[in-house]
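Structure file final_39.txt (compact mmCIF, C-alpha atoms and all ligand atoms) follows.
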```txt
# COMPACT_ATOMS: atom_id res chain seq x y z
CA MET Z 38 -27.71 19.62 17.95
CA SER Z 39 -28.71 22.47 15.63
CA GLN Z 40 -31.98 22.16 13.67
CA SER Z 41 -30.59 23.63 10.45
CA LEU Z 42 -30.05 20.30 8.67
CA MET Z 43 -32.95 18.54 6.96
CA ALA Z 44 -33.96 15.47 8.91
CA THR Z 45 -32.74 12.90 6.37
CA TYR Z 46 -30.71 10.95 8.92
CA LYS Z 47 -31.35 9.59 12.37
CA ARG Z 48 -27.87 10.44 13.56
CA LEU Z 49 -25.97 8.78 16.35
CA ASP Z 50 -24.94 11.09 19.15
CA VAL Z 51 -21.26 11.34 18.29
CA THR Z 52 -19.13 13.73 16.21
CA PHE Z 53 -15.65 12.85 15.06
CA SER Z 54 -12.83 15.32 14.74
CA LYS Z 55 -9.89 13.20 13.63
CA GLY Z 56 -9.09 9.92 11.93
CA GLU Z 57 -6.02 7.79 11.33
CA GLY Z 58 -6.05 4.35 9.72
CA THR Z 59 -8.71 2.19 11.37
CA TRP Z 60 -9.34 4.70 14.16
CA LEU Z 61 -11.52 7.76 14.71
CA TRP Z 62 -11.50 10.18 17.65
CA ASP Z 63 -14.44 12.19 18.93
CA LYS Z 64 -14.21 15.72 20.30
CA ALA Z 65 -13.68 14.45 23.84
CA GLY Z 66 -10.69 12.42 22.67
CA LYS Z 67 -12.38 9.01 22.90
CA ARG Z 68 -11.06 6.54 20.34
CA TYR Z 69 -13.25 4.31 18.13
CA LEU Z 70 -12.35 1.33 15.94
CA ASP Z 71 -14.05 1.97 12.61
CA ALA Z 72 -15.47 -1.27 11.22
CA ILE Z 73 -17.72 0.48 8.71
CA SER Z 74 -15.27 2.86 6.95
CA GLY Z 75 -17.87 5.52 6.21
CA ILE Z 76 -19.96 2.74 4.60
CA ALA Z 77 -17.28 1.10 2.45
CA VAL Z 78 -15.69 4.42 1.48
CA CYS Z 79 -12.44 4.73 3.43
CA SER Z 80 -11.13 1.32 2.40
CA LEU Z 81 -7.54 2.46 2.91
CA GLY Z 82 -8.39 3.81 6.36
CA HIS Z 83 -8.69 7.44 7.42
CA ALA Z 84 -6.19 10.08 6.33
CA HIS Z 85 -4.08 7.67 4.32
CA PRO Z 86 -0.81 9.57 3.75
CA ALA Z 87 -0.64 8.81 0.00
CA VAL Z 88 -4.18 10.12 -0.58
CA THR Z 89 -3.63 13.10 1.71
CA SER Z 90 -0.48 14.19 -0.07
CA ALA Z 91 -2.06 13.72 -3.53
CA LEU Z 92 -4.99 15.90 -2.41
CA CYS Z 93 -2.77 18.61 -0.88
CA GLU Z 94 -0.57 18.74 -3.94
CA GLN Z 95 -3.52 18.90 -6.34
CA ALA Z 96 -5.40 21.46 -4.22
CA SER Z 97 -2.42 23.76 -4.34
CA THR Z 98 -2.15 23.41 -8.14
CA LEU Z 99 -5.63 23.17 -9.69
CA VAL Z 100 -8.95 22.10 -8.17
CA HIS Z 101 -11.48 22.52 -10.96
CA THR Z 102 -11.71 23.60 -14.58
CA SER Z 103 -14.56 22.00 -16.54
CA ASN Z 104 -15.30 19.00 -18.69
CA ILE Z 105 -15.45 21.38 -21.64
CA TYR Z 106 -11.62 21.30 -21.45
CA GLY Z 107 -9.13 18.48 -21.33
CA ILE Z 108 -8.34 17.23 -17.80
CA GLU Z 109 -5.01 15.45 -17.73
CA ASN Z 110 -5.40 13.37 -14.59
CA GLN Z 111 -8.99 12.41 -15.55
CA GLN Z 112 -7.51 10.88 -18.71
CA GLN Z 113 -4.90 9.08 -16.61
CA LEU Z 114 -7.56 7.82 -14.22
CA GLY Z 115 -9.71 6.67 -17.14
CA ASP Z 116 -6.75 4.73 -18.54
CA ALA Z 117 -5.94 3.21 -15.15
CA LEU Z 118 -9.54 2.16 -14.41
CA THR Z 119 -10.33 0.74 -17.83
CA ALA Z 120 -7.08 -1.27 -17.66
CA LEU Z 121 -7.88 -2.56 -14.16
CA ALA Z 122 -11.43 -3.54 -15.11
CA THR Z 123 -10.60 -4.59 -18.69
CA MET Z 124 -13.39 -2.25 -19.81
CA GLU Z 125 -13.13 0.28 -22.64
CA ARG Z 126 -14.52 3.65 -21.57
CA VAL Z 127 -15.59 5.50 -18.47
CA PHE Z 128 -17.83 8.41 -17.45
CA PHE Z 129 -17.05 10.11 -14.13
CA SER Z 130 -19.78 11.20 -11.71
CA ASN Z 131 -19.80 12.51 -8.13
CA SER Z 132 -21.65 9.66 -6.45
CA GLY Z 133 -22.87 6.12 -6.79
CA ALA Z 134 -26.44 7.08 -7.64
CA GLU Z 135 -25.21 9.27 -10.48
CA ALA Z 136 -23.02 6.47 -11.81
CA ASN Z 137 -26.14 4.29 -11.87
CA GLU Z 138 -28.11 7.07 -13.58
CA ALA Z 139 -25.50 6.95 -16.37
CA ALA Z 140 -25.91 3.16 -16.57
CA ILE Z 141 -29.71 3.44 -16.70
CA LYS Z 142 -29.43 6.02 -19.50
CA LEU Z 143 -27.10 3.67 -21.40
CA ALA Z 144 -29.69 0.88 -21.08
CA ARG Z 145 -32.36 3.16 -22.53
CA LEU Z 146 -30.11 4.17 -25.43
CA HIS Z 147 -29.29 0.51 -26.05
CA GLY Z 148 -33.00 -0.33 -26.13
CA HIS Z 149 -33.88 2.47 -28.52
CA ARG Z 150 -30.99 1.56 -30.80
CA ASN Z 151 -32.60 -1.88 -31.01
CA ASN Z 152 -36.02 -0.42 -31.81
CA ILE Z 153 -37.53 -1.07 -28.39
CA LYS Z 154 -40.07 1.68 -27.80
CA ASP Z 155 -40.28 1.42 -24.00
CA PRO Z 156 -37.05 -0.25 -22.87
CA ALA Z 157 -37.15 -1.92 -19.45
CA ILE Z 158 -34.42 -2.94 -17.02
CA ILE Z 159 -34.62 -6.08 -14.90
CA VAL Z 160 -33.82 -5.24 -11.24
CA MET Z 161 -33.85 -7.28 -8.04
CA GLU Z 162 -35.78 -7.53 -4.81
CA ASN Z 163 -33.85 -6.15 -1.81
CA SER Z 164 -31.48 -4.23 -4.07
CA PHE Z 165 -30.08 -0.78 -3.36
CA HIS Z 166 -29.04 1.55 -6.17
CA GLY Z 167 -29.34 5.08 -4.74
CA ARG Z 168 -31.71 7.92 -3.88
CA THR Z 169 -32.33 9.76 -7.14
CA LEU Z 170 -35.73 9.12 -8.70
CA ALA Z 171 -34.53 6.53 -11.22
CA THR Z 172 -32.20 4.78 -8.78
CA LEU Z 173 -34.75 4.69 -5.95
CA THR Z 174 -37.17 3.15 -8.44
CA ALA Z 175 -34.54 0.54 -9.29
CA THR Z 176 -34.06 -0.06 -5.55
CA GLY Z 177 -36.00 -3.02 -4.15
CA ASN Z 178 -37.02 -1.48 -0.84
CA ARG Z 179 -40.39 0.16 -0.27
CA LYS Z 180 -39.00 2.36 2.51
CA VAL Z 181 -36.72 4.06 -0.02
CA GLN Z 182 -39.58 4.67 -2.48
CA ALA Z 183 -42.55 5.50 -0.26
CA GLY Z 184 -43.82 9.04 -0.69
CA PHE Z 185 -41.89 9.74 -3.86
CA GLU Z 186 -44.44 8.46 -6.35
CA PRO Z 187 -44.89 8.67 -9.28
CA LEU Z 188 -41.86 6.44 -9.73
CA VAL Z 189 -39.91 6.12 -12.97
CA GLN Z 190 -41.19 3.70 -15.60
CA GLY Z 191 -39.24 0.88 -17.16
CA PHE Z 192 -38.18 -1.47 -14.36
CA ILE Z 193 -39.17 -5.12 -13.90
CA ARG Z 194 -38.41 -6.71 -10.53
CA VAL Z 195 -37.47 -10.33 -9.83
CA PRO Z 196 -36.15 -12.14 -6.72
CA TYR Z 197 -32.40 -11.86 -6.15
CA GLY Z 198 -30.27 -14.94 -6.75
CA ASP Z 199 -33.00 -16.60 -8.83
CA ILE Z 200 -31.68 -17.16 -12.34
CA GLU Z 201 -34.90 -18.91 -13.46
CA ALA Z 202 -36.87 -15.76 -12.66
CA ILE Z 203 -34.70 -13.76 -15.07
CA GLY Z 204 -34.67 -16.53 -17.67
CA SER Z 205 -38.44 -16.85 -17.70
CA LEU Z 206 -38.74 -13.17 -18.72
CA ALA Z 207 -36.66 -13.79 -21.83
CA GLY Z 208 -39.50 -15.38 -23.78
CA LYS Z 209 -42.29 -13.34 -22.23
CA SER Z 210 -41.14 -9.76 -22.30
CA GLN Z 211 -40.06 -8.18 -25.58
CA ASN Z 212 -38.98 -4.80 -24.25
CA ILE Z 213 -36.09 -5.74 -21.95
CA ALA Z 214 -32.86 -3.85 -22.61
CA ALA Z 215 -30.70 -4.68 -19.60
CA VAL Z 216 -30.23 -6.39 -16.25
CA LEU Z 217 -28.98 -4.28 -13.32
CA VAL Z 218 -27.71 -6.27 -10.34
CA GLU Z 219 -25.34 -6.09 -7.38
CA PRO Z 220 -22.80 -8.98 -7.28
CA VAL Z 221 -23.45 -9.10 -3.52
CA GLN Z 222 -26.30 -7.13 -1.96
CA GLY Z 223 -24.78 -4.90 0.70
CA GLU Z 224 -27.60 -2.68 1.95
CA GLY Z 225 -30.07 -5.54 1.40
CA GLY Z 226 -28.41 -7.67 4.10
CA VAL Z 227 -25.07 -8.97 2.75
CA ASN Z 228 -26.84 -11.43 0.44
CA ILE Z 229 -24.38 -13.58 -1.49
CA PRO Z 230 -25.82 -15.40 -4.51
CA SER Z 231 -24.72 -18.96 -5.21
CA ALA Z 232 -21.70 -19.49 -7.45
CA GLY Z 233 -22.56 -19.30 -11.12
CA TYR Z 234 -25.31 -16.69 -10.74
CA LEU Z 235 -23.40 -13.90 -12.45
CA SER Z 236 -22.11 -16.11 -15.26
CA ALA Z 237 -25.66 -17.37 -15.84
CA ILE Z 238 -26.81 -13.73 -16.09
CA ARG Z 239 -23.94 -13.11 -18.51
CA LYS Z 240 -25.20 -15.93 -20.73
CA LEU Z 241 -28.83 -14.74 -20.64
CA CYS Z 242 -27.68 -11.24 -21.59
CA ASP Z 243 -25.63 -12.60 -24.49
CA ASP Z 244 -28.50 -14.75 -25.74
CA ASN Z 245 -31.05 -11.92 -25.57
CA ASN Z 246 -28.97 -8.86 -26.50
CA TRP Z 247 -29.47 -7.34 -23.03
CA LEU Z 248 -26.80 -5.22 -21.39
CA MET Z 249 -25.38 -6.85 -18.26
CA MET Z 250 -24.97 -3.98 -15.80
CA LEU Z 251 -23.29 -4.57 -12.44
CA ASP Z 252 -23.61 -2.17 -9.54
CA GLU Z 253 -20.20 -2.59 -7.88
CA ILE Z 254 -20.49 0.63 -5.92
CA GLN Z 255 -20.09 -1.24 -2.63
CA THR Z 256 -18.34 -4.41 -3.83
CA GLY Z 257 -15.79 -2.82 -6.17
CA MET Z 258 -12.24 -1.57 -5.54
CA GLY Z 259 -11.02 -4.66 -3.73
CA ARG Z 260 -13.76 -5.05 -1.12
CA THR Z 261 -14.63 -8.70 -1.92
CA GLY Z 262 -11.05 -9.91 -2.45
CA ALA Z 263 -10.84 -9.05 -6.15
CA TRP Z 264 -10.69 -5.62 -7.76
CA PHE Z 265 -14.27 -6.21 -8.87
CA ALA Z 266 -16.58 -8.94 -7.60
CA TRP Z 267 -17.42 -10.27 -11.07
CA GLN Z 268 -13.79 -11.31 -11.46
CA HIS Z 269 -14.39 -14.18 -9.01
CA GLU Z 270 -16.30 -15.97 -11.74
CA ASP Z 271 -15.09 -14.11 -14.78
CA ALA Z 272 -18.58 -12.80 -15.59
CA LYS Z 273 -17.53 -9.54 -17.21
CA PRO Z 274 -20.40 -7.04 -17.50
CA ASP Z 275 -21.09 -4.65 -20.37
CA VAL Z 276 -21.58 -1.80 -17.90
CA MET Z 277 -20.22 -1.47 -14.36
CA THR Z 278 -20.69 1.28 -11.80
CA ILE Z 279 -18.31 2.03 -8.94
CA ALA Z 280 -18.02 4.84 -6.42
CA LYS Z 281 -17.63 4.44 -2.66
CA ALA Z 282 -13.99 3.39 -2.19
CA LEU Z 283 -12.73 4.95 -5.42
CA GLY Z 284 -11.75 8.25 -3.81
CA ASN Z 285 -11.23 7.03 -0.21
CA GLY Z 286 -13.57 9.81 0.92
CA VAL Z 287 -13.67 12.43 -1.82
CA PRO Z 288 -16.86 12.23 -3.89
CA ILE Z 289 -16.26 10.37 -7.13
CA GLY Z 290 -18.20 7.70 -9.02
CA ALA Z 291 -17.69 6.07 -12.38
CA CYS Z 292 -19.72 4.23 -15.00
CA LEU Z 293 -17.53 1.94 -17.09
CA ALA Z 294 -18.60 0.28 -20.33
CA ARG Z 295 -17.29 -1.89 -23.11
CA GLY Z 296 -18.36 -2.99 -26.56
CA GLU Z 297 -21.45 -1.35 -28.02
CA ALA Z 298 -22.32 0.17 -24.63
CA ALA Z 299 -19.05 2.13 -24.64
CA ASP Z 300 -20.12 4.12 -27.71
CA LEU Z 301 -23.73 4.95 -26.82
CA PHE Z 302 -23.13 8.40 -25.35
CA ALA Z 303 -22.36 11.17 -27.82
CA PRO Z 304 -21.39 14.80 -27.14
CA GLY Z 305 -24.33 16.45 -25.39
CA SER Z 306 -26.08 13.25 -24.31
CA HIS Z 307 -24.75 13.20 -20.76
CA GLY Z 308 -22.61 15.34 -18.50
CA SER Z 309 -21.63 16.57 -15.06
CA THR Z 310 -20.22 19.89 -13.87
CA PHE Z 311 -18.00 18.46 -11.15
CA GLY Z 312 -17.60 14.89 -12.38
CA GLY Z 313 -13.97 13.81 -12.64
CA ASN Z 314 -12.44 17.14 -11.72
CA PRO Z 315 -8.69 17.38 -11.08
CA LEU Z 316 -9.01 17.18 -7.28
CA VAL Z 317 -11.04 13.96 -7.07
CA CYS Z 318 -9.08 12.31 -9.86
CA ALA Z 319 -5.82 12.97 -7.98
CA ALA Z 320 -7.28 11.16 -4.98
CA ALA Z 321 -8.56 8.22 -7.04
CA LEU Z 322 -5.20 7.83 -8.79
CA ALA Z 323 -3.51 7.71 -5.39
CA VAL Z 324 -6.07 5.13 -4.20
CA ILE Z 325 -5.41 2.83 -7.16
CA ASP Z 326 -1.65 3.23 -6.84
CA THR Z 327 -1.74 2.48 -3.11
CA MET Z 328 -4.11 -0.48 -3.52
CA LYS Z 329 -1.73 -1.97 -6.07
CA LYS Z 330 1.34 -1.42 -3.89
CA GLU Z 331 -0.36 -2.80 -0.77
CA HIS Z 332 -1.93 -5.74 -2.68
CA ILE Z 333 -5.29 -4.69 -1.29
CA PRO Z 334 -7.60 -7.16 -3.04
CA ALA Z 335 -5.55 -10.10 -1.72
CA ARG Z 336 -5.40 -8.52 1.72
CA ALA Z 337 -9.17 -8.03 1.69
CA GLU Z 338 -9.59 -11.74 1.04
CA SER Z 339 -7.27 -12.90 3.83
CA LEU Z 340 -8.56 -10.30 6.31
CA GLY Z 341 -12.15 -11.24 5.48
CA ASP Z 342 -11.41 -14.93 6.10
CA TYR Z 343 -9.61 -14.04 9.34
CA LEU Z 344 -12.57 -12.03 10.59
CA ALA Z 345 -15.17 -14.61 9.53
CA ASN Z 346 -13.21 -17.45 11.17
CA GLY Z 347 -12.70 -15.37 14.31
CA PHE Z 348 -16.39 -14.57 14.60
CA ALA Z 349 -17.33 -18.20 13.87
CA ALA Z 350 -15.08 -19.39 16.69
CA GLN Z 351 -16.73 -16.97 19.11
CA LEU Z 352 -20.33 -17.26 17.96
CA ASP Z 353 -20.88 -20.74 16.52
CA ALA Z 354 -22.44 -21.98 19.75
CA ILE Z 355 -24.82 -19.02 20.01
CA GLU Z 356 -28.25 -20.05 18.85
CA ALA Z 357 -29.37 -16.52 17.99
CA VAL Z 358 -26.58 -16.27 15.41
CA VAL Z 359 -28.13 -17.79 12.30
CA GLU Z 360 -25.30 -17.35 9.83
CA ILE Z 361 -22.02 -15.53 9.25
CA ARG Z 362 -21.68 -14.56 5.60
CA HIS Z 363 -18.78 -12.82 3.92
CA ALA Z 364 -17.39 -11.88 0.55
CA GLY Z 365 -13.89 -10.65 1.39
CA CYS Z 366 -14.32 -7.75 3.81
CA LEU Z 367 -18.06 -7.36 3.29
CA LEU Z 368 -19.32 -9.31 6.28
CA GLY Z 369 -22.80 -10.01 7.57
CA ILE Z 370 -23.68 -11.63 10.87
CA GLN Z 371 -27.30 -12.72 10.57
CA LEU Z 372 -29.20 -12.87 13.86
CA ASP Z 373 -32.61 -14.45 14.39
CA ARG Z 374 -34.00 -11.13 15.68
CA PRO Z 375 -33.89 -7.37 15.04
CA CYS Z 376 -30.63 -6.04 16.47
CA SER Z 377 -30.30 -2.35 15.65
CA GLU Z 378 -29.71 -1.57 19.35
CA LEU Z 379 -26.27 -3.17 18.94
CA VAL Z 380 -25.09 -0.11 17.02
CA GLY Z 381 -25.46 2.14 20.08
CA MET Z 382 -24.06 -0.48 22.44
CA ALA Z 383 -21.00 -0.87 20.20
CA LEU Z 384 -20.56 2.88 19.97
CA GLU Z 385 -20.34 3.08 23.75
CA GLN Z 386 -17.60 0.43 23.66
CA GLY Z 387 -15.71 2.37 20.98
CA LEU Z 388 -16.72 0.18 18.03
CA LEU Z 389 -18.39 1.49 14.87
CA ILE Z 390 -20.62 -1.11 13.24
CA ASN Z 391 -23.77 -1.09 11.14
CA VAL Z 392 -27.02 -3.06 11.15
CA THR Z 393 -28.92 -3.46 7.90
CA ALA Z 394 -32.08 -5.33 6.89
CA ASP Z 395 -33.11 -5.19 10.60
CA SER Z 396 -31.26 -8.28 11.74
CA VAL Z 397 -27.90 -8.32 9.94
CA ILE Z 398 -24.78 -6.84 11.52
CA ARG Z 399 -22.83 -5.49 8.56
CA LEU Z 400 -19.09 -4.94 8.78
CA LEU Z 401 -17.07 -3.05 6.16
CA PRO Z 402 -13.68 -2.52 7.82
CA PRO Z 403 -10.73 -0.81 6.15
CA LEU Z 404 -9.09 -3.37 3.86
CA ASN Z 405 -5.64 -2.68 5.29
CA MET Z 406 -6.64 -3.16 8.93
CA SER Z 407 -4.13 -5.24 10.94
CA ASN Z 408 -4.90 -8.66 12.44
CA GLU Z 409 -4.43 -7.11 15.89
CA GLU Z 410 -7.15 -4.58 15.10
CA ALA Z 411 -9.31 -7.39 13.71
CA ASP Z 412 -8.88 -9.22 17.04
CA ILE Z 413 -10.14 -6.18 18.95
CA LEU Z 414 -13.20 -6.09 16.70
CA ILE Z 415 -13.89 -9.84 16.99
CA GLU Z 416 -13.55 -9.86 20.79
CA GLY Z 417 -15.49 -6.67 21.40
CA LEU Z 418 -18.38 -7.31 19.04
CA SER Z 419 -18.77 -11.00 19.93
CA LYS Z 420 -19.04 -10.06 23.60
CA LEU Z 421 -21.77 -7.51 22.80
CA ILE Z 422 -23.72 -9.98 20.66
CA LYS Z 423 -23.59 -12.61 23.42
CA GLU Z 424 -24.76 -10.08 26.01
CA SER Z 425 -27.58 -8.74 23.88
CA VAL Z 426 -29.09 -12.13 22.93
CA LYS Z 427 -28.92 -13.46 26.51
CA SER Z 428 -31.88 -11.40 27.69
C1 LIG Z 501 -24.04 3.27 -1.69
C2 LIG Z 501 -24.61 2.58 -2.85
C3 LIG Z 501 -25.22 3.30 -3.89
C4 LIG Z 501 -25.47 4.79 -3.84
O1 LIG Z 501 -24.30 5.54 -3.80
P1 LIG Z 501 -24.39 7.10 -3.40
O2 LIG Z 501 -22.97 7.57 -3.52
O3 LIG Z 501 -24.91 7.16 -1.99
O4 LIG Z 501 -25.29 7.76 -4.36
C5 LIG Z 501 -25.68 2.59 -4.99
N1 LIG Z 501 -25.52 1.25 -5.07
C6 LIG Z 501 -24.93 0.53 -4.10
C7 LIG Z 501 -24.78 -0.95 -4.26
C8 LIG Z 501 -24.47 1.17 -2.95
O5 LIG Z 501 -23.91 0.45 -1.97
```
Would it be possible to restate this file's structure as structure tokens?
Amino acid sequence: MSQSLMATYKRLDVTFSKGEGTWLWDKAGKRYLDAISGIAVCSLGHAHPAVTSALCEQASTLVHTSNIYGIENQQQLGDALTALATMERVFFSNSGAEANEAAIKLARLHGHRNNIKDPAIIVMENSFHGRTLATLTATGNRKVQAGFEPLVQGFIRVPYGDIEAIGSLAGKSQNIAAVLVEPVQGEGGVNIPSAGYLSAIRKLCDDNNWLMMLDEIQTGMGRTGAWFAWQHEDAKPDVMTIAKALGNGVPIGACLARGEAADLFAPGSHGSTFGGNPLVCAAALAVIDTMKKEHIPARAESLGDYLANGFAAQLDAIEAVVEIRHAGCLLGIQLDRPCSELVGMALEQGLLINVTADSVIRLLPPLNMSNEEADILIEGLSKLIKESVKS
């Protein structure tokens, strides 16, 4: 491989040249079942015809103008997203990290409006929020932060899933402006908090005038079996960020807000050159339209159950398999040992999977994958797991 790219990734030795639905092909023509979807991005599968035709049509009409002018399909996308999420307003970015940057800036504005001199945001251990300086500071993983000090001020960290830990700060700390949390931790190991966690956070935020800010960048857009994961327990946030699956592969993120948080930005206080341009908005509108037509959130729920049951049937007797966790089609198979070598073994067998937090196999398949494709994944991966833990 050429040395011209900065060494930010330890890349696998494969290059894809074509995709269709759940499948990718490398240059030699070998076919791979994609159970990771570009890390929760291509939730409708590769080269979905509705997204492709929206992109082609828009590219041949108008790709970019500027946010200093009106953008018709950005307005339409804003209307569609705020209606879906029952939020009030949206800011469009180009990535998840930038959507979180907007949320973090809203928290600071909220704090200052309430006369807090140094507003702080409560964040979680094992969280992941991105790679910009503020979002890597919010991230609860030393590997992401190391070497980039000085980090950004104004974050307080507590254990994930521990409502007491957040509650105990309420009396102690006077400068808290917001809580930023993932409904399910993806990168952190597919960690699913117990039922009631988000609604308890909602109540603490109400009682203390904190903004409840949910990072739904990985969990949003149907992944967990609802459009947004907070809908499972009706714990509506004040601020929500989404990105990954929103454009099915074109770079777009969004920060949605309601109530007071929806009016904090004023002209000049935030912006983005590319954010929400006509090309990406055309893709996102096609994604939403297709997800509605194909009943994607419901499909994600049934497919996720199908996969989890299938893996349980194959792996329940295997001692090294500690737990199989899933929220819709965000699945984690927790082993009792580091298992990153499985990624390469699976690749050889034509299966694309991911390992996170050292010992968790993470699966993020396309939400419209067929049961037959799910069977191929269950059989193939279970066989590999059994082989690898035997030795
Ligand atoms: C991927 C991810 C991000 C970062 O998104 P980028 O588009 O890579 O900046 C932030 N938060 C969560 C929960 C994510 O999964």
d(CA of Gly115 (chain Z), CA of Met406 (chain Z)) in Å
28.0 Å
At a cut-off of 6 Å and counting all atoms listed in the file, what residues surround ligand LIG 501 (chain Z)? Please answer as a ChimeraX atom specification.
/Z:132-134,165-167,252,254-255
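Compared by their closest atoms to Lys329 (chain Z), and using only C-alpha atoms, the residues Z:Met258, Z:Leu235, Z:Leu61, Z:Leu92 rank with Z:Met258 nearest.
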With only C-alpha atoms as the counted atoms, please give the residues lying no more than 9 Å from Thr119 (chain Z), apart from itself and same-chain residues fewer than 6 positions off, as a PyMOL selection string.
chain Z and resi 125-127+293-294
Could you please take those selected residues and save C-alpha atoms as a PDB file, in the frame of the given file?
```
ATOM      1  CA  GLU Z 125     -13.130   0.280 -22.640  1.00  0.00           C
ATOM      2  CA  ARG Z 126     -14.520   3.650 -21.570  1.00  0.00           C
ATOM      3  CA  VAL Z 127     -15.590   5.500 -18.470  1.00  0.00           C
ATOM      4  CA  LEU Z 293     -17.530   1.940 -17.090  1.00  0.00           C
ATOM      5  CA  ALA Z 294     -18.600   0.280 -20.330  1.00  0.00           C
TER       6      ALA Z 294
END
```
Top pick for closest residue to Thr123 (chain Z), considering Z:Gln371, Z:Ser396, Z:Thr98, Z:Gln268 and counting all atoms listed in the file
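Smallest separation from Thr123 (chain Z) among the options: Z:Gln268.
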Best match for closeness to Lys180 (chain Z) among Z:Ser74, Z:Gln222, Z:Gln351, Z:Asn163, counting only C-alpha atoms:
Z:Asn163
Please report, as JSON lines, each residue of region 98-143 of chain Z lying at most 10 Å from region 278-284 of chain Z, together with the nearest pair of atoms and the separation in Å rounded to one decimal; use only C-alpha atoms, and order rows by chain and ascending residue number.
```
{"residue": "Z:Leu118", "atom": "CA", "partner": "Z:Leu283", "partner_atom": "CA", "distance": 9.9}
{"residue": "Z:Val127", "atom": "CA", "partner": "Z:Thr278", "partner_atom": "CA", "distance": 9.4}
{"residue": "Z:Phe128", "atom": "CA", "partner": "Z:Thr278", "partner_atom": "CA", "distance": 9.5}
{"residue": "Z:Phe129", "atom": "CA", "partner": "Z:Ala280", "partner_atom": "CA", "distance": 9.4}
{"residue": "Z:Ser130", "atom": "CA", "partner": "Z:Ala280", "partner_atom": "CA", "distance": 8.5}
{"residue": "Z:Asn131", "atom": "CA", "partner": "Z:Ala280", "partner_atom": "CA", "distance": 8.1}
{"residue": "Z:Ser132", "atom": "CA", "partner": "Z:Ala280", "partner_atom": "CA", "distance": 6.0}
{"residue": "Z:Gly133", "atom": "CA", "partner": "Z:Ala280", "partner_atom": "CA", "distance": 5.0}
{"residue": "Z:Ala134", "atom": "CA", "partner": "Z:Ala280", "partner_atom": "CA", "distance": 8.8}
{"residue": "Z:Glu135", "atom": "CA", "partner": "Z:Thr278", "partner_atom": "CA", "distance": 9.3}
{"residue": "Z:Ala136", "atom": "CA", "partner": "Z:Thr278", "partner_atom": "CA", "distance": 5.7}
{"residue": "Z:Asn137", "atom": "CA", "partner": "Z:Thr278", "partner_atom": "CA", "distance": 6.2}
{"residue": "Z:Glu138", "atom": "CA", "partner": "Z:Thr278", "partner_atom": "CA", "distance": 9.6}
{"residue": "Z:Ala139", "atom": "CA", "partner": "Z:Thr278", "partner_atom": "CA", "distance": 8.7}
{"residue": "Z:Ala140", "atom": "CA", "partner": "Z:Thr278", "partner_atom": "CA", "distance": 7.3}
```
Contact residues around region 384-389 of chain Z with only C-alpha atoms at 6 Å, ignoring same-chain residues under 2 positions, as a list of chain:residue names
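Listing them by chain and then by number gives Z:Tyr69, Z:Leu70, Z:Asp71, Z:Ala72, Z:Gly381, Z:Met382.
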If we count only C-alpha atoms, what is near Arg48 (chain Z) at a cut-off of 12 Å, once residues fewer than 5 positions away on the same chain are taken out, given as a PyMOL selection string?
chain Z and resi 38+42-43+380-381
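Closest approach to Leu114 (chain Z) among Z:Gly290, Z:Gly198, Z:Gly417, Z:Gly305 is made by Z:Gly290 (distances from only C-alpha atoms).
Distances to Asn228 (chain Z) were evaluated for Z:Gly257, Z:Leu367, Z:Lys240, Z:Ile200 using only C-alpha atoms, and the minimum falls at Z:Leu367.
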